[in-house]
Each structure stands twice: as structure tokens, then as C-alpha cells.
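run.cif follows; it contains mmCIF, C-alpha atoms and all ligand atoms.
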```
data_final
#
loop_
_atom_site.label_atom_id
_atom_site.label_comp_id
_atom_site.auth_asym_id
_atom_site.auth_seq_id
_atom_site.Cartn_x
_atom_site.Cartn_y
_atom_site.Cartn_z
CA MET Y 1 -163.92 195.00 -17.10
CA LEU Y 2 -160.22 195.23 -17.65
CA VAL Y 3 -157.81 197.94 -16.46
CA ASP Y 4 -154.34 198.62 -17.82
CA ALA Y 5 -152.78 199.87 -14.58
CA HIS Y 6 -149.60 201.18 -16.21
CA CYS Y 7 -149.02 202.46 -19.72
CA HIS Y 8 -147.28 205.41 -21.36
CA LEU Y 9 -149.70 206.69 -24.00
CA GLN Y 10 -147.82 210.00 -23.89
CA ASP Y 11 -144.67 208.31 -25.19
CA PRO Y 12 -143.41 209.83 -28.47
CA GLN Y 13 -143.96 206.43 -30.12
CA PHE Y 14 -147.73 207.06 -29.89
CA LYS Y 15 -147.62 210.67 -31.00
CA GLY Y 16 -150.67 211.58 -33.07
CA LYS Y 17 -152.03 208.03 -32.69
CA GLU Y 18 -153.27 208.25 -29.10
CA GLN Y 19 -156.96 208.12 -30.04
CA GLU Y 20 -156.49 205.09 -32.35
CA VAL Y 21 -154.58 203.27 -29.64
CA ILE Y 22 -157.28 204.05 -27.05
CA ASN Y 23 -159.98 202.92 -29.48
CA ARG Y 24 -158.20 199.62 -30.16
CA ALA Y 25 -157.87 199.07 -26.41
CA ARG Y 26 -161.61 199.65 -25.91
CA VAL Y 27 -162.48 197.25 -28.74
CA ALA Y 28 -160.23 194.65 -27.09
CA GLY Y 29 -162.14 195.12 -23.83
CA VAL Y 30 -159.72 197.35 -21.91
CA THR Y 31 -162.19 199.59 -20.09
CA ALA Y 32 -159.74 201.93 -18.36
CA MET Y 33 -156.08 202.91 -18.64
CA VAL Y 34 -153.69 204.61 -16.24
CA VAL Y 35 -151.14 206.78 -18.06
CA VAL Y 36 -147.98 206.99 -15.98
CA GLY Y 37 -145.60 209.96 -15.98
CA PHE Y 38 -141.84 209.43 -15.92
CA ASP Y 39 -140.64 213.06 -15.81
CA ILE Y 40 -142.28 216.47 -15.47
CA GLU Y 41 -143.16 216.88 -19.15
CA SER Y 42 -144.55 213.35 -19.54
CA SER Y 43 -146.54 213.84 -16.33
CA ARG Y 44 -148.07 216.98 -17.79
CA ARG Y 45 -148.94 215.09 -20.98
CA ALA Y 46 -150.44 212.25 -18.93
CA VAL Y 47 -152.76 214.74 -17.22
CA GLU Y 48 -153.77 216.25 -20.58
CA LEU Y 49 -154.60 212.82 -22.00
CA ALA Y 50 -156.56 211.85 -18.90
CA GLU Y 51 -158.49 215.11 -18.89
CA SER Y 52 -159.49 214.70 -22.51
CA HIS Y 53 -160.44 210.99 -22.59
CA GLU Y 54 -163.00 209.16 -20.55
CA ASN Y 55 -161.73 206.34 -18.33
CA VAL Y 56 -158.14 207.42 -18.87
CA TYR Y 57 -156.34 208.43 -15.67
CA ALA Y 58 -152.93 209.89 -14.90
CA THR Y 59 -150.15 209.42 -12.39
CA ILE Y 60 -147.39 211.98 -12.13
CA GLY Y 61 -143.79 211.47 -11.10
CA VAL Y 62 -140.14 211.16 -12.00
CA HIS Y 63 -138.54 207.83 -12.94
CA PRO Y 64 -135.24 207.02 -11.17
CA HIS Y 65 -133.44 207.37 -14.53
CA HIS Y 66 -134.28 211.09 -14.43
CA ALA Y 67 -133.75 211.62 -10.69
CA LYS Y 68 -130.50 213.50 -11.31
CA ASP Y 69 -132.41 216.26 -13.16
CA VAL Y 70 -134.94 216.91 -10.37
CA SER Y 71 -134.96 220.28 -8.61
CA PRO Y 72 -137.16 221.37 -5.67
CA ARG Y 73 -139.19 223.32 -8.25
CA ASP Y 74 -140.02 220.07 -10.01
CA ILE Y 75 -141.49 218.56 -6.85
CA GLU Y 76 -143.59 221.73 -6.51
CA ALA Y 77 -144.67 221.34 -10.13
CA LEU Y 78 -145.82 217.79 -9.37
CA ALA Y 79 -147.77 219.02 -6.35
CA ARG Y 80 -149.50 221.62 -8.56
CA LEU Y 81 -150.28 219.06 -11.28
CA ALA Y 82 -151.89 216.87 -8.61
CA ASP Y 83 -154.70 219.43 -8.34
CA SER Y 84 -156.25 217.88 -11.44
CA ALA Y 85 -159.05 215.43 -10.68
CA ALA Y 86 -157.55 213.17 -13.37
CA VAL Y 87 -154.48 212.49 -11.20
CA VAL Y 88 -154.86 209.24 -9.26
CA GLY Y 89 -151.33 208.58 -8.02
CA ILE Y 90 -147.67 209.58 -7.77
CA GLY Y 91 -145.10 207.81 -9.95
CA GLU Y 92 -143.46 206.16 -11.49
CA THR Y 93 -140.75 206.59 -8.92
CA GLY Y 94 -138.34 204.20 -7.27
CA LEU Y 95 -134.86 202.81 -7.76
CA ASP Y 96 -133.08 201.43 -10.81
CA TYR Y 97 -129.67 200.00 -9.97
CA TYR Y 98 -129.58 198.05 -13.23
CA ARG Y 99 -128.97 201.01 -15.49
CA ASP Y 100 -127.80 203.41 -12.77
CA LEU Y 101 -128.59 206.47 -14.91
CA SER Y 102 -128.73 208.66 -11.79
CA PRO Y 103 -126.45 208.35 -8.75
CA ARG Y 104 -127.97 205.96 -6.21
CA GLU Y 105 -128.16 208.49 -3.35
CA VAL Y 106 -129.98 210.90 -5.65
CA GLN Y 107 -132.42 208.17 -6.72
CA GLN Y 108 -133.12 207.43 -3.07
CA SER Y 109 -133.74 211.03 -2.04
CA VAL Y 110 -135.96 211.78 -5.07
CA PHE Y 111 -137.88 208.55 -4.34
CA ARG Y 112 -138.37 209.61 -0.70
CA GLU Y 113 -139.55 213.09 -1.75
CA GLN Y 114 -142.19 211.58 -4.02
CA LEU Y 115 -143.33 209.14 -1.32
CA GLU Y 116 -143.71 212.10 0.99
CA LEU Y 117 -145.82 213.90 -1.62
CA ALA Y 118 -148.02 210.83 -2.06
CA GLY Y 119 -148.45 210.68 1.71
CA GLN Y 120 -149.41 214.35 1.93
CA LEU Y 121 -151.97 213.92 -0.84
CA SER Y 122 -153.17 210.51 0.42
CA ILE Y 123 -152.84 209.04 -3.05
CA PRO Y 124 -151.08 205.78 -3.99
CA VAL Y 125 -147.56 205.52 -5.31
CA VAL Y 126 -146.46 203.65 -8.45
CA VAL Y 127 -143.09 202.03 -7.74
CA HIS Y 128 -140.39 201.02 -10.21
CA SER Y 129 -137.66 198.78 -8.78
CA ARG Y 130 -134.92 197.10 -10.76
CA ASP Y 131 -131.94 195.30 -9.22
CA ALA Y 132 -132.66 197.20 -6.02
CA ASP Y 133 -134.99 194.79 -4.15
CA GLU Y 134 -133.57 195.29 -0.67
CA GLU Y 135 -133.19 199.07 -0.78
CA THR Y 136 -136.62 199.63 -2.34
CA TYR Y 137 -138.27 197.45 0.27
CA ARG Y 138 -136.47 199.22 3.11
CA ILE Y 139 -137.56 202.68 1.90
CA ILE Y 140 -141.17 201.59 1.35
CA GLU Y 141 -141.34 199.84 4.71
CA GLU Y 142 -140.13 203.03 6.36
CA TYR Y 143 -142.72 205.05 4.40
CA ALA Y 144 -145.50 202.58 5.24
CA ARG Y 145 -144.76 202.87 8.95
CA GLN Y 146 -145.17 206.66 8.83
CA ALA Y 147 -147.93 206.89 6.23
CA LEU Y 148 -150.23 204.21 7.59
CA ALA Y 149 -150.86 206.18 10.78
CA GLU Y 150 -152.85 208.73 8.77
CA TRP Y 151 -153.72 206.64 5.76
CA PRO Y 152 -157.34 205.91 4.81
CA LYS Y 153 -157.15 202.41 6.21
CA ASP Y 154 -159.18 200.62 3.59
CA ARG Y 155 -157.01 201.75 0.67
CA PRO Y 156 -153.70 200.34 -0.61
CA LEU Y 157 -150.53 202.45 -0.31
CA GLY Y 158 -149.39 201.82 -3.84
CA VAL Y 159 -148.39 199.31 -6.49
CA MET Y 160 -145.16 197.56 -7.42
CA HIS Y 161 -145.14 198.03 -11.18
CA CYS Y 162 -143.92 195.20 -13.47
CA PHE Y 163 -142.91 193.27 -10.38
CA ALA Y 164 -139.80 191.16 -11.03
CA GLY Y 165 -138.99 189.92 -7.53
CA ASP Y 166 -139.86 186.51 -6.09
CA LEU Y 167 -143.08 185.36 -4.43
CA PRO Y 168 -141.92 185.82 -0.81
CA LEU Y 169 -140.98 189.44 -1.55
CA ALA Y 170 -144.32 190.01 -3.34
CA LEU Y 171 -146.16 188.76 -0.26
CA ARG Y 172 -144.10 191.08 1.97
CA TYR Y 173 -145.21 194.04 -0.15
CA VAL Y 174 -148.82 192.88 0.09
CA GLN Y 175 -148.40 192.82 3.87
CA LEU Y 176 -147.30 196.46 3.71
CA GLY Y 177 -150.44 197.31 1.72
CA LEU Y 178 -149.09 197.43 -1.84
CA LEU Y 179 -150.55 195.75 -4.90
CA ILE Y 180 -148.38 193.70 -7.23
CA SER Y 181 -148.71 194.49 -10.92
CA ILE Y 182 -148.05 191.75 -13.48
CA ALA Y 183 -146.87 192.74 -16.96
CA GLY Y 184 -146.45 190.90 -20.25
CA THR Y 185 -143.08 189.63 -19.04
CA CYS Y 186 -144.99 186.69 -17.52
CA THR Y 187 -145.21 185.32 -21.09
CA TYR Y 188 -141.39 185.19 -21.47
CA PRO Y 189 -139.83 181.70 -21.49
CA ASN Y 190 -137.39 182.51 -18.67
CA ALA Y 191 -139.96 184.21 -16.41
CA ASP Y 192 -140.67 181.34 -13.99
CA ARG Y 193 -140.26 183.67 -11.03
CA THR Y 194 -142.86 186.11 -12.37
CA ARG Y 195 -145.25 183.23 -13.16
CA ALA Y 196 -144.85 181.98 -9.59
CA VAL Y 197 -145.84 185.46 -8.37
CA ALA Y 198 -148.78 185.62 -10.83
CA GLY Y 199 -149.96 182.27 -9.53
CA GLY Y 200 -149.25 182.83 -5.86
CA ILE Y 201 -150.52 186.22 -4.74
CA PRO Y 202 -154.18 186.83 -3.85
CA LEU Y 203 -156.08 188.22 -6.86
CA ARG Y 204 -157.43 191.11 -4.81
CA TRP Y 205 -153.85 192.37 -4.52
CA MET Y 206 -153.03 191.96 -8.22
CA ALA Y 207 -153.11 194.56 -10.98
CA VAL Y 208 -152.25 193.96 -14.64
CA GLU Y 209 -150.41 196.29 -16.96
CA THR Y 210 -148.77 196.59 -20.37
CA ASP Y 211 -146.11 199.29 -19.68
CA ALA Y 212 -146.79 200.12 -23.38
CA PRO Y 213 -144.99 200.99 -25.61
CA TYR Y 214 -142.41 198.91 -23.70
CA LEU Y 215 -142.36 195.25 -22.66
CA PRO Y 216 -144.06 193.56 -25.62
CA LEU Y 217 -145.43 190.07 -25.07
CA GLN Y 218 -143.39 187.04 -26.10
CA SER Y 219 -145.60 186.73 -29.22
CA ARG Y 220 -144.70 190.29 -30.23
CA ARG Y 221 -141.10 190.61 -29.11
CA GLY Y 222 -139.33 193.51 -30.82
CA LYS Y 223 -142.59 195.31 -31.65
CA ARG Y 224 -144.32 198.28 -30.05
CA ASN Y 225 -146.62 197.24 -27.22
CA GLU Y 226 -150.05 198.79 -26.64
CA PRO Y 227 -152.89 198.53 -24.11
CA ALA Y 228 -155.07 196.34 -26.40
CA TYR Y 229 -152.58 193.48 -25.91
CA LEU Y 230 -153.32 193.36 -22.18
CA VAL Y 231 -155.82 190.57 -22.86
CA GLU Y 232 -152.96 188.14 -23.62
CA THR Y 233 -151.34 188.85 -20.26
CA VAL Y 234 -154.66 188.25 -18.51
CA GLN Y 235 -155.08 184.97 -20.37
CA CYS Y 236 -151.55 183.96 -19.36
CA ILE Y 237 -152.34 184.66 -15.68
CA ALA Y 238 -155.67 182.82 -15.96
CA ASP Y 239 -153.87 179.76 -17.37
CA ILE Y 240 -151.28 179.82 -14.59
CA ARG Y 241 -153.98 180.04 -11.91
CA GLY Y 242 -156.44 177.64 -13.53
CA ALA Y 243 -158.95 180.49 -13.40
CA SER Y 244 -161.21 181.94 -16.09
CA PHE Y 245 -160.27 184.98 -18.15
CA GLU Y 246 -163.36 186.74 -16.75
CA GLU Y 247 -162.36 186.12 -13.16
CA VAL Y 248 -158.84 187.50 -13.63
CA SER Y 249 -159.93 190.52 -15.68
CA GLN Y 250 -162.77 191.38 -13.30
CA ARG Y 251 -160.85 190.92 -10.07
CA THR Y 252 -157.73 192.78 -11.28
CA ALA Y 253 -159.94 195.63 -12.54
CA MET Y 254 -161.58 195.82 -9.12
CA ALA Y 255 -158.14 195.82 -7.50
CA ALA Y 256 -156.93 198.66 -9.74
CA ALA Y 257 -160.14 200.60 -9.03
CA TRP Y 258 -159.62 200.08 -5.31
CA LEU Y 259 -155.97 201.17 -5.57
CA PHE Y 260 -156.49 204.31 -7.63
CA GLY Y 261 -159.98 205.18 -6.37
CA LEU Y 262 -161.59 204.78 -9.80
CA GLY Y 263 -165.08 205.08 -8.40
CA ASP Y 264 -166.90 204.65 -11.68
CA ILE Y 265 -165.52 201.13 -12.08
CA GLY Y 266 -166.80 200.14 -8.68
CA GLU Y 267 -165.27 199.71 -5.26
CA PRO Y 268 -164.83 196.24 -3.82
CA GLU Y 269 -167.19 195.48 -0.96
CA ALA Y 270 -166.02 196.75 2.41
CA SER Y 271 -165.83 193.26 3.85
CA LEU Y 272 -163.40 192.23 1.11
CA VAL Y 273 -161.19 195.20 1.92
CA GLU Y 274 -161.19 194.51 5.65
CA GLU Y 275 -160.47 190.85 5.14
CA SER Y 276 -157.44 191.50 2.96
CA ARG Y 277 -155.64 193.74 5.41
ZN ZN Y 301 -143.44 202.40 -16.98
#
```

Written as C-alpha cells, how would this file's structure read?
Ligand SMILES: [Zn+2]
Amino acid sequence: MLVDAHCHLQDPQFKGKEQEVINRARVAGVTAMVVVGFDIESSRRAVELAESHENVYATIGVHPHHAKDVSPRDIEALARLADSAAVVGIGETGLDYYRDLSPREVQQSVFREQLELAGQLSIPVVVHSRDADEETYRIIEEYARQALAEWPKDRPLGVMHCFAGDLPLALRYVQLGLLISIAGTCTYPNADRTRAVAGGIPLRWMAVETDAPYLPLQSRRGKRNEPAYLVETVQCIADIRGASFEEVSQRTAMAAAWLFGLGDIGEPEASLVEESR
């Protein structure tokens, strides 16, 4: 069991090759993939891919880069797309103060609107945060306070995708009820902070992802990434933790299934859920 909790199979780089890429992932042992939307069109494509492939799921949302293009109609379009049973979350949404492609106030309000939608639908949120640690945390903390009152209490609120903060911040997100997702960046020579997170958070709160076609592993820098390569990230985490590959793949798959409600992969036992809160 191995789940790629964040990939972009709808990216133009995979056009016409989606089935091959999914097949290679399956052969490599990746049993399920979550295709993440980054604007309205890519969200629509994510739903199409999820509806037409088994064990492929979709999240729908607008990346902070595109926040400046969002109209109220787009949020309605997301709400309508969420009617599909293939949709398991909202995102990716969040803040990106590194590239600042949308004004910061606009990023914040579009982020808040999508959190609100996730809350209304009681589905988890996939969060992107870059160079915006404090602001992202503040907005999520505020959301968690409101959402948790009505939230199904044994389910996480969301996931911090390709988490790049430090271990104390990761643990604060876990306290709020968010999973931490580790990407192939943990194989980069300068990624000590990410390796500390990969080694330090409880496995039941950890997801793994490729963010394909982006973020290739150190061994494939400069090349297109794809879900099949997730196994190298899992091995990297296993080495850091002194755990077996099987333990990390199994436990992170269970965590992703718990997060996104992927019932066919299996829910963790209730006692495990209670204990981790
Ligand atoms: Zn992404």
C-alpha cells in the first residue's frame, strides 16, 4: 500500500500519457493517487481523471499564484464540482509569498473562501505555503477554531503539502489536526530541516507525495517527476527513521486514507484515531 497524496496528472506535461504514467505508478507499487487542482480548469481535469481511473482521486481548488483571477463564480464552480464522488478535498490553496504572483491580501481572502468551502462540505483542505509560515498558520488556526466545532471529530482537517517549515511548526499543525506531507525534497542535500520533520513527526500524521511533474528527487534533478518515483521518497524517510520501507508505506497510506476518506484502502482503527488527537 502506497498513496501519492499530491500529484498533478492533469498537467500539460503528462498530456496523452496519463494512462502510461498511472500504469508505471501501479507497477512501482503506488496503489492510489490524489490529483490536485490548481485552478478551475485543472480542477475539472482532476475530476475527469479521477472519475475515469480506479483509485485515482481529485481535489479541487485555486493555487495562490492564480488567486488574482478568482471571481465569486469560480468559487461556485468549485462547489458544483465537489458534487462528484471522486472529489476528496479542497485545494491546493494557501499563500505563496515567495513568488508573490497575486497580491497578498487577495491570496489571503481566496484562501479563506476555500477554507470556508471545505468547512461547509466537511472535506479536508490541501494547503500550499511558501515563505508565509506565520500568516498561513494564523489563518489555519482561526479556521480550525471555527471548523472543529462541527467537524467529524475523528478526521483530520487537512494536509500541509510539501511541508518546508521546521519540526516545531509541523507539530503545531499536527496539534490543529493537519497532516504533514513529505515530498521528494527530503532527498536534497540542503534539506536538513525537512529530514528533521520526516524523522520527528508521528507516522500516523504523515503523508507522502511527489507533486509530479514538479519536485524531482535529487537523483533525477532537472527531469520530469512522476508518481512511480514515490518509492524513493518513502525509502528516504524509512532510512531517516530507521524504519522499514513497508512500515512507512503502509502507515502513510493509512494516514492518507484517513485524511481523504479513501474507504477502500482501509480506515485506521478507531482507537488509533482517538489516541492521536
Ligand atoms: Zn502541487

Compile the contact shell of Y:Arg193 as JSON, numbers by chain: residues with an atom at most 12 Å away, counting all atoms listed in the file, same-chain residues fewer than 2 positions apart removed.
{"Y": [163, 164, 165, 166, 167, 168, 169, 170, 182, 185, 186, 187, 188, 189, 190, 191, 195, 196, 197, 198, 199, 200]}

Would you write out those residues with C-alpha atoms, as a compact mmCIF listing (two decimals), in the coordinates of the input?
```txt
# COMPACT_ATOMS: atom_id res chain seq x y z
CA PHE Y 163 -142.91 193.27 -10.38
CA ALA Y 164 -139.80 191.16 -11.03
CA GLY Y 165 -138.99 189.92 -7.53
CA ASP Y 166 -139.86 186.51 -6.09
CA LEU Y 167 -143.08 185.36 -4.43
CA PRO Y 168 -141.92 185.82 -0.81
CA LEU Y 169 -140.98 189.44 -1.55
CA ALA Y 170 -144.32 190.01 -3.34
CA ILE Y 182 -148.05 191.75 -13.48
CA THR Y 185 -143.08 189.63 -19.04
CA CYS Y 186 -144.99 186.69 -17.52
CA THR Y 187 -145.21 185.32 -21.09
CA TYR Y 188 -141.39 185.19 -21.47
CA PRO Y 189 -139.83 181.70 -21.49
CA ASN Y 190 -137.39 182.51 -18.67
CA ALA Y 191 -139.96 184.21 -16.41
CA ARG Y 195 -145.25 183.23 -13.16
CA ALA Y 196 -144.85 181.98 -9.59
CA VAL Y 197 -145.84 185.46 -8.37
CA ALA Y 198 -148.78 185.62 -10.83
CA GLY Y 199 -149.96 182.27 -9.53
CA GLY Y 200 -149.25 182.83 -5.86
```

Please, which residues are within 10 Å of (-151.4, 185.4, -23.7) by the file's coordinates, counting only C-alpha atoms, and could they come as a ChimeraX atom specification?
/Y:184,186-187,217-219,229-239

Residue with smallest distance to Y:Ala67 - pool Y:Ser43, Y:Leu49, Y:Phe38, Y:Glu54, counting only C-alpha atoms
Y:Phe38

For Y:Ser42, the nearest of the candidates Y:Ala149, Y:Leu9, Y:Ala255, Y:Ala25, counting all atoms listed in the file
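The closest residue to Y:Ser42 is Y:Leu9.
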
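The two atoms in question, atom CA of Y:Thr252 and atom CA of Y:Ala118, are spaced 22.5 Å apart.
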
At a cut-off of 7 Å, can you tabulate as a Markdown table every residue of chain Y near ligand ZN 301 (chain Y) together with its closest atom pair and the distance in Å to one decimal, using all atoms listed in the file and ordering rows by chain then number?
```
| residue | atom | partner | partner_atom | distance |
| --- | --- | --- | --- | --- |
| Y:His6 | CA | Y:ZN301 | ZN | 6.3 |
| Y:Cys7 | CA | Y:ZN301 | ZN | 6.2 |
| Y:His8 | CA | Y:ZN301 | ZN | 6.6 |
| Y:Val36 | CA | Y:ZN301 | ZN | 6.5 |
| Y:Glu92 | CA | Y:ZN301 | ZN | 6.7 |
| Y:Asp211 | CA | Y:ZN301 | ZN | 4.9 |
```

Within 8 Å of Y:Met1, counting all atoms listed in the file, which residues show up once you throw out same-chain ones fewer than 3 positions away? Write them as a list in words, please.
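With the cut-off at 8 Å, the set is Gly29, Val30, Thr31, Ser249, Gln250 and Ala253 of chain Y.
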
Quick one: of Y:Glu135, Y:Glu247, Y:Glu48, Y:Asp83, who's nearest to Y:Glu18, counting only C-alpha atoms?
Y:Glu48

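Straight-line separation from atom CA of Y:Ala46 to atom CA of Y:Ser109: 23.8 Å.
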
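Here atom CA of Y:Gln114 and atom CA of Y:Pro156 stand 16.4 Å from one another.
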
Near Y:Thr210, within 8 Å and counting all atoms listed in the file, which residues show up once chain neighbours fewer than 2 positions away are dropped, as a CSV table (one decimal) with C-alpha atoms, keeping the file's coordinate frame?
```
chain,number,residue,atom,x,y,z
Y,4,ASP,CA,-154.3,198.6,-17.8
Y,5,ALA,CA,-152.8,199.9,-14.6
Y,6,HIS,CA,-149.6,201.2,-16.2
Y,7,CYS,CA,-149.0,202.5,-19.7
Y,183,ALA,CA,-146.9,192.7,-17.0
Y,184,GLY,CA,-146.4,190.9,-20.2
Y,208,VAL,CA,-152.2,194.0,-14.6
Y,212,ALA,CA,-146.8,200.1,-23.4
Y,213,PRO,CA,-145.0,201.0,-25.6
Y,214,TYR,CA,-142.4,198.9,-23.7
Y,215,LEU,CA,-142.4,195.2,-22.7
Y,216,PRO,CA,-144.1,193.6,-25.6
Y,225,ASN,CA,-146.6,197.2,-27.2
Y,226,GLU,CA,-150.0,198.8,-26.6
Y,227,PRO,CA,-152.9,198.5,-24.1
Y,229,TYR,CA,-152.6,193.5,-25.9
Y,230,LEU,CA,-153.3,193.4,-22.2
```

Using all atoms listed in the file, determine which residues lie at most 8 Å from Y:His128, disregarding the query and same-chain residues fewer than 3 positions distant; provide the list as a PDB file with C-alpha atoms, in the frame of the given file.
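Now in around-v6.pdb:
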```pdb
ATOM      1  CA  HIS Y  63    -138.540 207.830 -12.940  1.00  0.00           C
ATOM      2  CA  PRO Y  64    -135.240 207.020 -11.170  1.00  0.00           C
ATOM      3  CA  GLU Y  92    -143.460 206.160 -11.490  1.00  0.00           C
ATOM      4  CA  THR Y  93    -140.750 206.590  -8.920  1.00  0.00           C
ATOM      5  CA  GLY Y  94    -138.340 204.200  -7.270  1.00  0.00           C
ATOM      6  CA  LEU Y  95    -134.860 202.810  -7.760  1.00  0.00           C
ATOM      7  CA  ASP Y  96    -133.080 201.430 -10.810  1.00  0.00           C
ATOM      8  CA  MET Y 160    -145.160 197.560  -7.420  1.00  0.00           C
ATOM      9  CA  HIS Y 161    -145.140 198.030 -11.180  1.00  0.00           C
ATOM     10  CA  CYS Y 162    -143.920 195.200 -13.470  1.00  0.00           C
TER      11      CYS Y 162
END
```

Name the residues, using the chain letters and numbers of the file, that sit within 10 Å of (-161.5, 209.0, -20.8) when counting only C-alpha atoms, and give them as number ranges by chain.
Y: 22, 31-33, 49-57, 86

Written selection (C-alpha atoms) as a PDB file, keeping the file's coordinate frame:
```
ATOM      1  CA  ILE Y  22    -157.280 204.050 -27.050  1.00  0.00           C
ATOM      2  CA  THR Y  31    -162.190 199.590 -20.090  1.00  0.00           C
ATOM      3  CA  ALA Y  32    -159.740 201.930 -18.360  1.00  0.00           C
ATOM      4  CA  MET Y  33    -156.080 202.910 -18.640  1.00  0.00           C
ATOM      5  CA  LEU Y  49    -154.600 212.820 -22.000  1.00  0.00           C
ATOM      6  CA  ALA Y  50    -156.560 211.850 -18.900  1.00  0.00           C
ATOM      7  CA  GLU Y  51    -158.490 215.110 -18.890  1.00  0.00           C
ATOM      8  CA  SER Y  52    -159.490 214.700 -22.510  1.00  0.00           C
ATOM      9  CA  HIS Y  53    -160.440 210.990 -22.590  1.00  0.00           C
ATOM     10  CA  GLU Y  54    -163.000 209.160 -20.550  1.00  0.00           C
ATOM     11  CA  ASN Y  55    -161.730 206.340 -18.330  1.00  0.00           C
ATOM     12  CA  VAL Y  56    -158.140 207.420 -18.870  1.00  0.00           C
ATOM     13  CA  TYR Y  57    -156.340 208.430 -15.670  1.00  0.00           C
ATOM     14  CA  ALA Y  86    -157.550 213.170 -13.370  1.00  0.00           C
TER      15      ALA Y  86
END
```

For Y:His66: contacts at 10 Å, only C-alpha atoms, fewer than 5 positions along chain excluded, given as JSON, numbers by chain
{"Y": [38, 39, 40, 93, 101, 102, 106, 107, 110]}

Between Y:Asp11, Y:Ala28, Y:Gly16, Y:Ala85, which has the minimum distance to Y:Leu262 (counting all atoms listed in the file)?
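Answer, going by the shortest atom-to-atom distance: Y:Ala85.
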
Rank nothing, just name the residue among Y:Ala207, Y:Leu117, Y:Val35, Y:Val125 nearest to Y:Gly91, using all atoms listed in the file.
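Of Y:Ala207, Y:Leu117, Y:Val35, Y:Val125, the one nearest Y:Gly91 is Y:Val125, counting all atoms listed in the file.
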
Rank nothing, just name the residue among Y:Val248, Y:Leu115, Y:Leu121, Y:Ile75 nearest to Y:Ile139, using only C-alpha atoms.
Y:Leu115

Once 3 Å is added on each side, what are the centre and the three edge lengths, in Å to one decimal, of the axis-aligned box enclosing the listed atoms of stretch 219-228 of chain Y? Present them as lines of an AutoDock Vina configuration file.
```
center_x = -147.2
center_y = 192.8
center_z = -27.9
size_x = 21.7
size_y = 18.1
size_z = 13.5
```
